[in-house]
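Colleague: The following file, start16.cif, comprises mmCIF, C-alpha atoms and all ligand atoms:
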```cif
data_structure
#
loop_
_atom_site.label_atom_id
_atom_site.label_comp_id
_atom_site.auth_asym_id
_atom_site.auth_seq_id
_atom_site.Cartn_x
_atom_site.Cartn_y
_atom_site.Cartn_z
CA MET A 1 -22.05 15.57 0.35
CA LYS A 2 -19.52 12.76 0.60
CA SER A 3 -15.95 13.46 -0.35
CA GLU A 4 -14.26 11.27 -2.90
CA ILE A 5 -12.06 9.83 -0.14
CA ASP A 6 -15.17 8.72 1.82
CA GLU A 7 -16.71 7.32 -1.30
CA VAL A 8 -13.66 5.26 -2.32
CA ALA A 9 -13.22 3.96 1.25
CA GLY A 10 -16.88 2.87 1.21
CA TRP A 11 -16.37 1.06 -2.08
CA ILE A 12 -13.32 -0.81 -0.71
CA LEU A 13 -15.30 -1.72 2.39
CA ASN A 14 -18.09 -3.25 0.32
CA ALA A 15 -16.09 -4.70 -2.58
CA LYS A 16 -15.57 -8.43 -2.84
CA ARG A 17 -12.42 -8.20 -4.92
CA THR A 18 -10.32 -5.06 -4.99
CA VAL A 19 -7.40 -4.92 -7.39
CA VAL A 20 -4.86 -2.12 -6.98
CA PHE A 21 -2.79 -1.15 -10.02
CA THR A 22 0.35 0.90 -9.42
CA GLY A 23 2.88 2.79 -11.54
CA ALA A 24 5.93 5.03 -11.33
CA GLY A 25 4.03 7.90 -9.67
CA LEU A 26 3.70 5.78 -6.55
CA SER A 27 7.44 5.32 -6.18
CA THR A 28 8.50 8.87 -7.02
CA GLU A 29 7.06 9.66 -3.59
CA SER A 30 9.64 7.23 -2.17
CA GLY A 31 12.40 9.15 -3.92
CA ILE A 32 12.77 6.82 -6.91
CA PRO A 33 13.05 8.95 -10.04
CA ASP A 34 10.72 8.27 -12.93
CA PHE A 35 13.38 7.21 -15.40
CA ARG A 36 11.42 8.49 -18.36
CA SER A 37 11.18 12.03 -17.02
CA PRO A 38 13.60 14.83 -18.04
CA GLY A 39 16.86 14.63 -16.14
CA GLY A 40 16.37 10.86 -15.74
CA VAL A 41 19.00 8.36 -16.79
CA TRP A 42 17.62 8.24 -20.33
CA ASP A 43 18.99 11.73 -20.85
CA ARG A 44 22.48 10.39 -20.30
CA TYR A 45 22.20 7.03 -22.06
CA ASN A 46 20.92 6.12 -25.47
CA PRO A 47 17.89 3.82 -25.06
CA GLU A 48 18.81 2.06 -28.30
CA ASP A 49 21.85 0.66 -26.55
CA PHE A 50 19.55 -1.15 -24.18
CA TYR A 51 17.34 -3.14 -26.46
CA PHE A 52 17.13 -6.75 -25.45
CA GLN A 53 18.54 -7.98 -28.78
CA LYS A 54 21.68 -5.91 -28.26
CA PHE A 55 22.07 -7.22 -24.75
CA ILE A 56 21.95 -10.78 -26.05
CA SER A 57 24.28 -10.23 -28.96
CA SER A 58 26.99 -7.93 -27.66
CA GLU A 59 29.32 -8.01 -24.67
CA VAL A 60 29.86 -4.24 -25.02
CA SER A 61 26.09 -3.64 -24.79
CA ARG A 62 25.90 -5.87 -21.73
CA GLN A 63 28.60 -3.82 -20.07
CA LYS A 64 26.83 -0.55 -20.89
CA TYR A 65 23.58 -2.02 -19.67
CA TRP A 66 25.04 -3.02 -16.33
CA GLN A 67 26.61 0.40 -15.92
CA MET A 68 23.21 2.07 -16.38
CA ALA A 69 21.37 -0.58 -14.38
CA THR A 70 23.74 -0.07 -11.47
CA GLU A 71 23.04 3.65 -11.56
CA MET A 72 19.29 3.01 -11.49
CA TYR A 73 19.55 0.39 -8.78
CA GLU A 74 21.31 2.50 -6.16
CA PRO A 75 18.35 4.85 -5.34
CA MET A 76 15.98 1.87 -5.52
CA LYS A 77 17.94 -0.11 -2.99
CA ARG A 78 17.80 2.74 -0.50
CA ALA A 79 14.13 3.62 -1.08
CA GLN A 80 11.55 2.92 1.59
CA PRO A 81 7.82 2.30 1.13
CA ASN A 82 5.72 5.46 1.48
CA LEU A 83 2.26 5.94 3.01
CA ALA A 84 0.58 4.59 -0.13
CA HIS A 85 2.62 1.35 -0.16
CA LEU A 86 1.92 0.94 3.55
CA ALA A 87 -1.81 1.57 3.09
CA ILE A 88 -1.95 -1.08 0.36
CA ALA A 89 -0.14 -3.57 2.61
CA GLU A 90 -2.58 -2.74 5.40
CA MET A 91 -5.51 -3.37 3.04
CA GLU A 92 -4.19 -6.91 2.61
CA ARG A 93 -3.95 -7.43 6.38
CA LEU A 94 -7.52 -6.20 6.72
CA GLY A 95 -8.67 -8.71 4.10
CA LYS A 96 -9.66 -5.89 1.74
CA LEU A 97 -7.18 -6.54 -1.08
CA ASP A 98 -7.39 -9.16 -3.79
CA SER A 99 -4.10 -8.32 -5.47
CA VAL A 100 -1.67 -5.62 -6.57
CA ILE A 101 -0.64 -5.36 -10.21
CA THR A 102 2.42 -3.16 -10.51
CA GLN A 103 4.44 -1.65 -13.33
CA ASN A 104 7.20 -0.87 -10.84
CA VAL A 105 10.35 -2.95 -10.53
CA ASP A 106 11.50 -1.57 -7.17
CA GLY A 107 10.08 -4.27 -4.91
CA LEU A 108 8.50 -1.69 -2.59
CA HIS A 109 5.16 -3.48 -2.29
CA LEU A 110 6.99 -6.47 -0.83
CA LYS A 111 9.11 -4.22 1.41
CA ALA A 112 5.86 -2.67 2.65
CA GLY A 113 4.60 -6.09 3.70
CA ASN A 114 2.37 -7.37 0.89
CA SER A 115 2.66 -11.13 0.35
CA PRO A 116 4.54 -12.19 -2.79
CA GLU A 117 1.53 -14.19 -4.00
CA LYS A 118 -0.60 -11.01 -3.96
CA VAL A 119 1.81 -8.93 -6.03
CA ILE A 120 2.02 -9.25 -9.83
CA GLU A 121 5.18 -7.53 -11.06
CA LEU A 122 4.28 -6.92 -14.70
CA HIS A 123 7.65 -5.49 -15.66
CA GLY A 124 9.67 -7.85 -13.50
CA THR A 125 11.82 -6.90 -10.53
CA ALA A 126 15.13 -5.11 -10.15
CA MET A 127 15.68 -6.87 -6.84
CA ARG A 128 16.60 -10.10 -8.61
CA VAL A 129 18.90 -11.07 -11.45
CA SER A 130 18.32 -13.95 -13.82
CA CYS A 131 20.46 -16.01 -16.16
CA LEU A 132 19.19 -15.71 -19.72
CA HIS A 133 20.32 -19.26 -20.52
CA CYS A 134 19.34 -21.46 -17.58
CA GLN A 135 16.92 -19.02 -15.83
CA ARG A 136 18.74 -19.39 -12.51
CA ARG A 137 17.83 -16.49 -10.24
CA TYR A 138 20.20 -14.54 -8.03
CA ASP A 139 19.74 -11.93 -5.36
CA ARG A 140 20.55 -8.54 -6.88
CA GLU A 141 22.79 -7.45 -4.00
CA MET A 142 25.03 -10.46 -4.51
CA ILE A 143 25.58 -9.59 -8.19
CA GLN A 144 26.04 -5.87 -7.48
CA LYS A 145 28.91 -6.86 -5.19
CA ARG A 146 30.64 -8.41 -8.18
CA ILE A 147 30.11 -5.21 -10.18
CA LYS A 148 31.65 -3.23 -7.34
CA GLU A 149 34.63 -5.60 -7.44
CA GLY A 150 35.17 -4.76 -11.10
CA VAL A 151 33.10 -7.31 -13.06
CA LYS A 152 31.57 -5.38 -16.00
CA ALA A 153 29.01 -7.90 -17.29
CA PRO A 154 28.39 -10.72 -14.80
CA ALA A 155 27.89 -14.32 -15.92
CA CYS A 156 26.03 -17.30 -14.45
CA ASP A 157 27.90 -19.51 -11.97
CA ASP A 158 26.19 -22.62 -13.33
CA CYS A 159 26.26 -22.21 -17.08
CA GLY A 160 28.29 -19.08 -17.86
CA GLY A 161 25.24 -17.48 -19.53
CA PRO A 162 24.70 -13.71 -19.41
CA LEU A 163 23.06 -12.37 -16.24
CA LYS A 164 20.51 -9.59 -16.49
CA PRO A 165 18.37 -7.82 -13.87
CA ALA A 166 14.99 -9.60 -13.83
CA THR A 167 13.23 -6.59 -15.34
CA ILE A 168 11.56 -6.40 -18.74
CA SER A 169 13.71 -4.45 -21.20
CA PHE A 170 12.80 -2.68 -24.42
CA GLY A 171 12.25 -5.33 -27.05
CA GLN A 172 11.78 -8.09 -24.47
CA ALA A 173 8.45 -9.92 -24.35
CA MET A 174 6.14 -9.24 -21.42
CA PRO A 175 6.15 -12.15 -18.96
CA GLU A 176 3.36 -14.41 -20.16
CA THR A 177 2.23 -15.80 -16.81
CA GLU A 178 2.12 -12.41 -15.09
CA THR A 179 0.36 -10.73 -17.99
CA GLN A 180 -2.31 -13.47 -18.19
CA GLN A 181 -2.77 -13.36 -14.45
CA ALA A 182 -3.12 -9.56 -14.48
CA TYR A 183 -5.78 -9.66 -17.21
CA SER A 184 -7.64 -12.38 -15.39
CA LEU A 185 -7.57 -10.55 -12.05
CA SER A 186 -8.67 -7.32 -13.77
CA SER A 187 -11.65 -9.04 -15.36
CA LEU A 188 -12.74 -10.71 -12.11
CA CYS A 189 -12.55 -7.78 -9.71
CA ASP A 190 -15.41 -5.48 -8.75
CA LEU A 191 -13.18 -2.54 -7.77
CA PHE A 192 -10.07 -1.47 -9.68
CA ILE A 193 -7.93 1.29 -8.18
CA VAL A 194 -5.17 2.88 -10.25
CA ILE A 195 -2.50 4.62 -8.15
CA GLY A 196 0.33 6.68 -9.63
CA SER A 197 0.14 5.48 -13.20
CA SER A 198 -0.36 7.75 -16.18
CA LEU A 199 -1.84 4.71 -17.97
CA VAL A 200 0.07 5.17 -21.19
CA VAL A 201 2.37 2.12 -21.31
CA HIS A 202 0.64 -0.84 -22.94
CA PRO A 203 -0.45 -3.57 -22.42
CA ALA A 204 -0.62 -2.60 -18.75
CA ALA A 205 -2.63 0.50 -19.54
CA SER A 206 -5.49 -1.53 -20.98
CA MET A 207 -6.20 -3.31 -17.70
CA PRO A 208 -8.47 -0.61 -16.25
CA LEU A 209 -10.49 -0.92 -19.42
CA VAL A 210 -10.76 -4.69 -18.99
CA ALA A 211 -11.94 -4.19 -15.41
CA LYS A 212 -14.42 -1.49 -16.34
CA LYS A 213 -15.89 -3.53 -19.19
CA ALA A 214 -16.33 -6.47 -16.83
CA GLY A 215 -18.42 -4.25 -14.56
CA ALA A 216 -15.92 -3.12 -11.93
CA LYS A 217 -15.88 0.36 -10.46
CA LEU A 218 -12.80 2.28 -11.58
CA VAL A 219 -10.90 4.69 -9.32
CA ILE A 220 -7.91 6.71 -10.53
CA ILE A 221 -5.53 8.37 -8.07
CA ASN A 222 -2.83 10.18 -10.02
CA ARG A 223 -1.26 13.60 -9.86
CA ASP A 224 -1.89 14.27 -13.55
CA PRO A 225 -4.87 13.48 -15.78
CA THR A 226 -4.92 10.10 -17.54
CA PRO A 227 -6.61 8.99 -20.78
CA TYR A 228 -9.13 7.01 -18.66
CA ASP A 229 -10.30 9.78 -16.33
CA ASP A 230 -13.54 10.22 -18.28
CA MET A 231 -14.68 6.65 -17.72
CA ALA A 232 -13.61 6.45 -14.07
CA ASP A 233 -16.16 6.41 -11.24
CA ALA A 234 -13.87 8.56 -9.12
CA VAL A 235 -10.75 10.53 -10.02
CA ILE A 236 -8.42 12.07 -7.45
CA HIS A 237 -5.63 14.27 -8.85
CA ASP A 238 -3.38 14.28 -5.84
CA GLN A 239 -0.35 12.64 -4.30
CA ALA A 240 -0.69 8.92 -3.70
CA GLY A 241 0.72 8.79 -0.15
CA PRO A 242 -1.53 11.26 1.69
CA THR A 243 -4.56 10.21 -0.39
CA MET A 244 -4.17 6.50 0.36
CA ASP A 245 -3.47 7.27 4.02
CA SER A 246 -6.80 9.15 4.28
CA ILE A 247 -8.64 6.39 2.46
CA LEU A 248 -7.14 3.78 4.80
CA LYS A 249 -8.16 5.70 7.94
CA ASN A 250 -11.65 6.04 6.57
CA LEU A 251 -11.76 2.35 5.65
CA LYS A 252 -10.68 1.29 9.14
CA HIS A 253 -13.33 3.51 10.65
CA GLY A 254 -15.87 1.86 8.37
CA LEU A 255 -14.73 -1.63 9.37
CA VAL A 256 -15.03 -0.80 13.07
CA SER A 257 -18.50 0.70 12.58
CA ARG A 258 -19.59 -2.37 10.65
CA ASP A 259 -18.22 -4.70 13.35
CA GLN A 260 -20.27 -2.75 15.87
CA GLY A 261 -23.29 -3.16 13.65
CA LEU A 262 -23.62 0.51 12.91
CA GLY A 263 -23.07 0.28 9.16
CA ILE A 264 -21.90 3.18 7.08
CA GLY A 265 -23.81 2.43 3.93
CA ASP A 266 -22.27 3.17 0.60
ZN ZN B 301 22.82 -20.03 -16.13
#
```
Rewrite the coordinates I just gave you, this time as structure tokens.
Ligand code: ZN
Modeller:
Amino acid sequence: MKSEIDEVAGWILNAKRTVVFTGAGLSTESGIPDFRSPGGVWDRYNPEDFYFQKFISSEVSRQKYWQMATEMYEPMKRAQPNLAHLAIAEMERLGKLDSVITQNVDGLHLKAGNSPEKVIELHGTAMRVSCLHCQRRYDREMIQKRIKEGVKAPACDDCGGPLKPATISFGQAMPETETQQAYSLSSLCDLFIVIGSSLVVHPAASMPLVAKKAGAKLVIINRDPTPYDDMADAVIHDQAGPTMDSILKNLKHGLVSRDQGLGIGD
């Protein structure tokens, strides 16, 4: 009997369009804490202070926001891609990846080597900062330097508008282009692989459903059960890194066999 790893590798090998969907569970394996979990920064800050409306309307809120954001940014900056990020980047090099839709803001898919045009960052990115007035973008490191020098709530060099990390905050609308693109990619793929997402944060969590309804095979790789496990074609409750590494090895083996005309079937 085939293992689930073999089966998923075979599906990737034969799929025309594979979409990978990633969440916080992927990056915890790179040492980035899941901020919603106990002991995370939300235990020390009041989330209500970080609603987008407050950020816009109050200098004090902006200062508090930047204090928290700086605390969250430090472990992200140091984090390195793990085996799962690297496997996903390798899938792209092998021509076996249509796109990555991610809920993560840590930029690790890009650090791992995926092309920017293949990565849809649904919740934005913490690696950039944007001006809320003129939309000018800045490199995060450059702005963090100002914070280190004592600036409490940085402002735009061009227009003086408030600067905010380019992530989506509570109360802030989802980015329209990225969300549309993610729905479209989900509906057009024939294989949808969820990695490290508990699939509870909407609208992102509805994308596997969109894919499944459009006829794609659904694979879920997550340590804990998700609300979509019952409808998935394969479910692996395990760590993302080692699982994706095994799938990748198996996939490469399959590609070599196919090149040699041996075929591995599905
Ligand atoms: Zn500006």
Colleague: Check which residues of range 94-175 of chain A sit at most 12 Å from range 80-83 of chain A using only C-alpha atoms, and return one row each with the closest pair of atoms and their distance in Å to one decimal, ordered by chain and rising number, as a tab-separated table.
Modeller:
```
residue	atom	partner	partner_atom	distance
A:Asp106	CA	A:Gln80	CA	9.8
A:Gly107	CA	A:Pro81	CA	9.2
A:Leu108	CA	A:Pro81	CA	5.5
A:His109	CA	A:Pro81	CA	7.2
A:Leu110	CA	A:Pro81	CA	9.0
A:Lys111	CA	A:Pro81	CA	6.7
A:Ala112	CA	A:Pro81	CA	5.6
A:Gly113	CA	A:Pro81	CA	9.3
A:Asn114	CA	A:Pro81	CA	11.1
```
Colleague: Which of these residues is nearest to Glu71 in chain A, using all atoms listed in the file: A:Ser206, A:Gln144, A:Thr167, A:Ser186?
Modeller: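 Looking only at the distances to Glu71 in chain A, the closest residue turns out to be A:Gln144.
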Colleague: Within 8 Å of ligand ZN 301 (chain B), counting all atoms listed in the file: which residues, as a PyMOL selection string?
Modeller: chain A and resi 130-136+155-163
Colleague: Enter the distance from CA of Glu59 in chain A to CA of Arg78 in chain A, in Å, rounded to one decimal.
Modeller: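 CA of Glu59 in chain A sits 28.9 Å away from CA of Arg78 in chain A.
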Colleague: So which one's closest to Val105 in chain A, A:Leu86, A:Ala79, A:Ile168, A:Val235? Using all atoms listed in the file, please.
Modeller: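 Ranking A:Leu86, A:Ala79, A:Ile168, A:Val235 by distance to Val105 in chain A, first place goes to A:Ile168.
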Colleague: With distances taken over only C-alpha atoms, which of A:Met244, A:Met231, A:Ile193, A:Ala153 is nearest to Ile56 in chain A?
Modeller: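 So, comparing all the options, the nearest one is A:Ala153.
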Colleague: Skipping near chain neighbours, those fewer than 5 positions away, what residues fall within 6 Å of Phe52 in chain A using all atoms listed in the file, listed as an MDAnalysis selection string?
Modeller: chainID A and resid 169 171:172
Colleague: Which residue, A:Gly95, A:Val194, A:Val200, A:Thr70, has the smallest gap to Ile236 in chain A when you use only C-alpha atoms?
Modeller: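 Looking only at the distances to Ile236 in chain A, the closest residue turns out to be A:Val194.
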Colleague: With only C-alpha atoms as the atoms that count, which of A:Ala84, A:Met72, A:Ala240, A:Val60 lies nearest to Asp224 in chain A?
Modeller: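 Looking only at the distances to Asp224 in chain A, the closest residue turns out to be A:Ala240.
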Colleague: Determine the nearest neighbour of Lys217 in chain A from the options A:Ala204, A:Met91, A:Cys189, A:Leu122, counting all atoms listed in the file.
Modeller: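 Closest to Lys217 in chain A of all the choices is A:Cys189.
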Colleague: Between CA of Glu90 in chain A and CA of Leu248 in chain A, what is the spacing in Å?
Modeller: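 For CA of Leu248 in chain A relative to CA of Glu90 in chain A, the distance reads 8.0 Å.
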Colleague: Applying 6 Å and only C-alpha atoms, which residues near Asp98 in chain A remain after dropping the ones on its own chain fewer than 3 positions away? List them as a VMD selection string.
Modeller: chain A and resid 17 to 19
Colleague: List the neighbours of Pro227 in chain A out to 8 Å using only C-alpha atoms; skip same-chain residues closer than 3 positions along the sequence, and give me the result as a list in words.
Modeller: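 So the residues in contact are Ser198, Leu199, Val200 and Asp230 of chain A.
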Colleague: Can I get range 132-157 of chain A with N, CA and C atoms filled in, as an mmCIF file, in the frame of the given file?
Modeller:
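Listing of result32.cif after writing:
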```cif
data_model
loop_
_atom_site.group_PDB
_atom_site.id
_atom_site.type_symbol
_atom_site.label_atom_id
_atom_site.label_comp_id
_atom_site.auth_asym_id
_atom_site.auth_seq_id
_atom_site.Cartn_x
_atom_site.Cartn_y
_atom_site.Cartn_z
ATOM 1 N N LEU A 132 20.013 -15.628 -18.504
ATOM 2 C CA LEU A 132 19.190 -15.710 -19.720
ATOM 3 C C LEU A 132 19.260 -17.087 -20.376
ATOM 4 N N HIS A 133 20.230 -17.907 -19.952
ATOM 5 C CA HIS A 133 20.320 -19.260 -20.520
ATOM 6 C C HIS A 133 19.577 -20.292 -19.682
ATOM 7 N N CYS A 134 19.934 -20.389 -18.389
ATOM 8 C CA CYS A 134 19.340 -21.460 -17.580
ATOM 9 C C CYS A 134 18.254 -20.950 -16.630
ATOM 10 N N GLN A 135 17.965 -19.629 -16.674
ATOM 11 C CA GLN A 135 16.920 -19.020 -15.830
ATOM 12 C C GLN A 135 17.221 -19.013 -14.346
ATOM 13 N N ARG A 136 18.436 -19.439 -13.940
ATOM 14 C CA ARG A 136 18.740 -19.390 -12.510
ATOM 15 C C ARG A 136 18.615 -17.956 -12.007
ATOM 16 N N ARG A 137 18.037 -17.821 -10.797
ATOM 17 C CA ARG A 137 17.830 -16.490 -10.240
ATOM 18 C C ARG A 137 18.847 -16.203 -9.137
ATOM 19 N N TYR A 138 19.252 -14.966 -9.054
ATOM 20 C CA TYR A 138 20.200 -14.540 -8.030
ATOM 21 C C TYR A 138 19.621 -13.334 -7.303
ATOM 22 N N ASP A 139 20.074 -13.148 -6.070
ATOM 23 C CA ASP A 139 19.740 -11.930 -5.360
ATOM 24 C C ASP A 139 20.541 -10.782 -5.983
ATOM 25 N N ARG A 140 19.893 -9.650 -6.190
ATOM 26 C CA ARG A 140 20.550 -8.540 -6.880
ATOM 27 C C ARG A 140 21.795 -8.055 -6.134
ATOM 28 N N GLU A 141 21.681 -7.965 -4.813
ATOM 29 C CA GLU A 141 22.790 -7.450 -4.000
ATOM 30 C C GLU A 141 24.072 -8.254 -4.243
ATOM 31 N N MET A 142 23.897 -9.562 -4.332
ATOM 32 C CA MET A 142 25.030 -10.460 -4.510
ATOM 33 C C MET A 142 25.755 -10.151 -5.835
ATOM 34 N N ILE A 143 24.981 -9.867 -6.874
ATOM 35 C CA ILE A 143 25.580 -9.590 -8.190
ATOM 36 C C ILE A 143 26.185 -8.180 -8.211
ATOM 37 N N GLN A 144 25.503 -7.231 -7.517
ATOM 38 C CA GLN A 144 26.040 -5.870 -7.480
ATOM 39 C C GLN A 144 27.418 -5.844 -6.795
ATOM 40 N N LYS A 145 27.619 -6.767 -5.860
ATOM 41 C CA LYS A 145 28.910 -6.860 -5.190
ATOM 42 C C LYS A 145 30.006 -7.164 -6.216
ATOM 43 N N ARG A 146 29.654 -8.062 -7.144
ATOM 44 C CA ARG A 146 30.640 -8.410 -8.180
ATOM 45 C C ARG A 146 30.948 -7.204 -9.064
ATOM 46 N N ILE A 147 29.910 -6.408 -9.356
ATOM 47 C CA ILE A 147 30.110 -5.210 -10.180
ATOM 48 C C ILE A 147 31.062 -4.253 -9.453
ATOM 49 N N LYS A 148 30.801 -4.106 -8.152
ATOM 50 C CA LYS A 148 31.650 -3.230 -7.340
ATOM 51 C C LYS A 148 33.107 -3.706 -7.366
ATOM 52 N N GLU A 149 33.274 -5.037 -7.435
ATOM 53 C CA GLU A 149 34.630 -5.600 -7.440
ATOM 54 C C GLU A 149 35.285 -5.520 -8.821
ATOM 55 N N GLY A 150 34.541 -4.988 -9.800
ATOM 56 C CA GLY A 150 35.170 -4.760 -11.100
ATOM 57 C C GLY A 150 34.626 -5.578 -12.264
ATOM 58 N N VAL A 151 33.708 -6.537 -11.964
ATOM 59 C CA VAL A 151 33.100 -7.310 -13.060
ATOM 60 C C VAL A 151 32.219 -6.353 -13.874
ATOM 61 N N LYS A 152 32.329 -6.352 -15.199
ATOM 62 C CA LYS A 152 31.570 -5.380 -16.000
ATOM 63 C C LYS A 152 30.257 -5.944 -16.513
ATOM 64 N N ALA A 153 30.244 -7.244 -16.843
ATOM 65 C CA ALA A 153 29.010 -7.900 -17.290
ATOM 66 C C ALA A 153 28.999 -9.299 -16.681
ATOM 67 N N PRO A 154 28.317 -9.459 -15.542
ATOM 68 C CA PRO A 154 28.390 -10.720 -14.800
ATOM 69 C C PRO A 154 27.804 -11.906 -15.561
ATOM 70 N N ALA A 155 28.346 -13.090 -15.262
ATOM 71 C CA ALA A 155 27.890 -14.320 -15.920
ATOM 72 C C ALA A 155 27.439 -15.334 -14.865
ATOM 73 N N CYS A 156 26.627 -16.289 -15.335
ATOM 74 C CA CYS A 156 26.030 -17.300 -14.450
ATOM 75 C C CYS A 156 27.076 -18.269 -13.899
ATOM 76 N N ASP A 157 26.973 -18.572 -12.599
ATOM 77 C CA ASP A 157 27.900 -19.510 -11.970
ATOM 78 C C ASP A 157 27.716 -20.927 -12.508
#
```
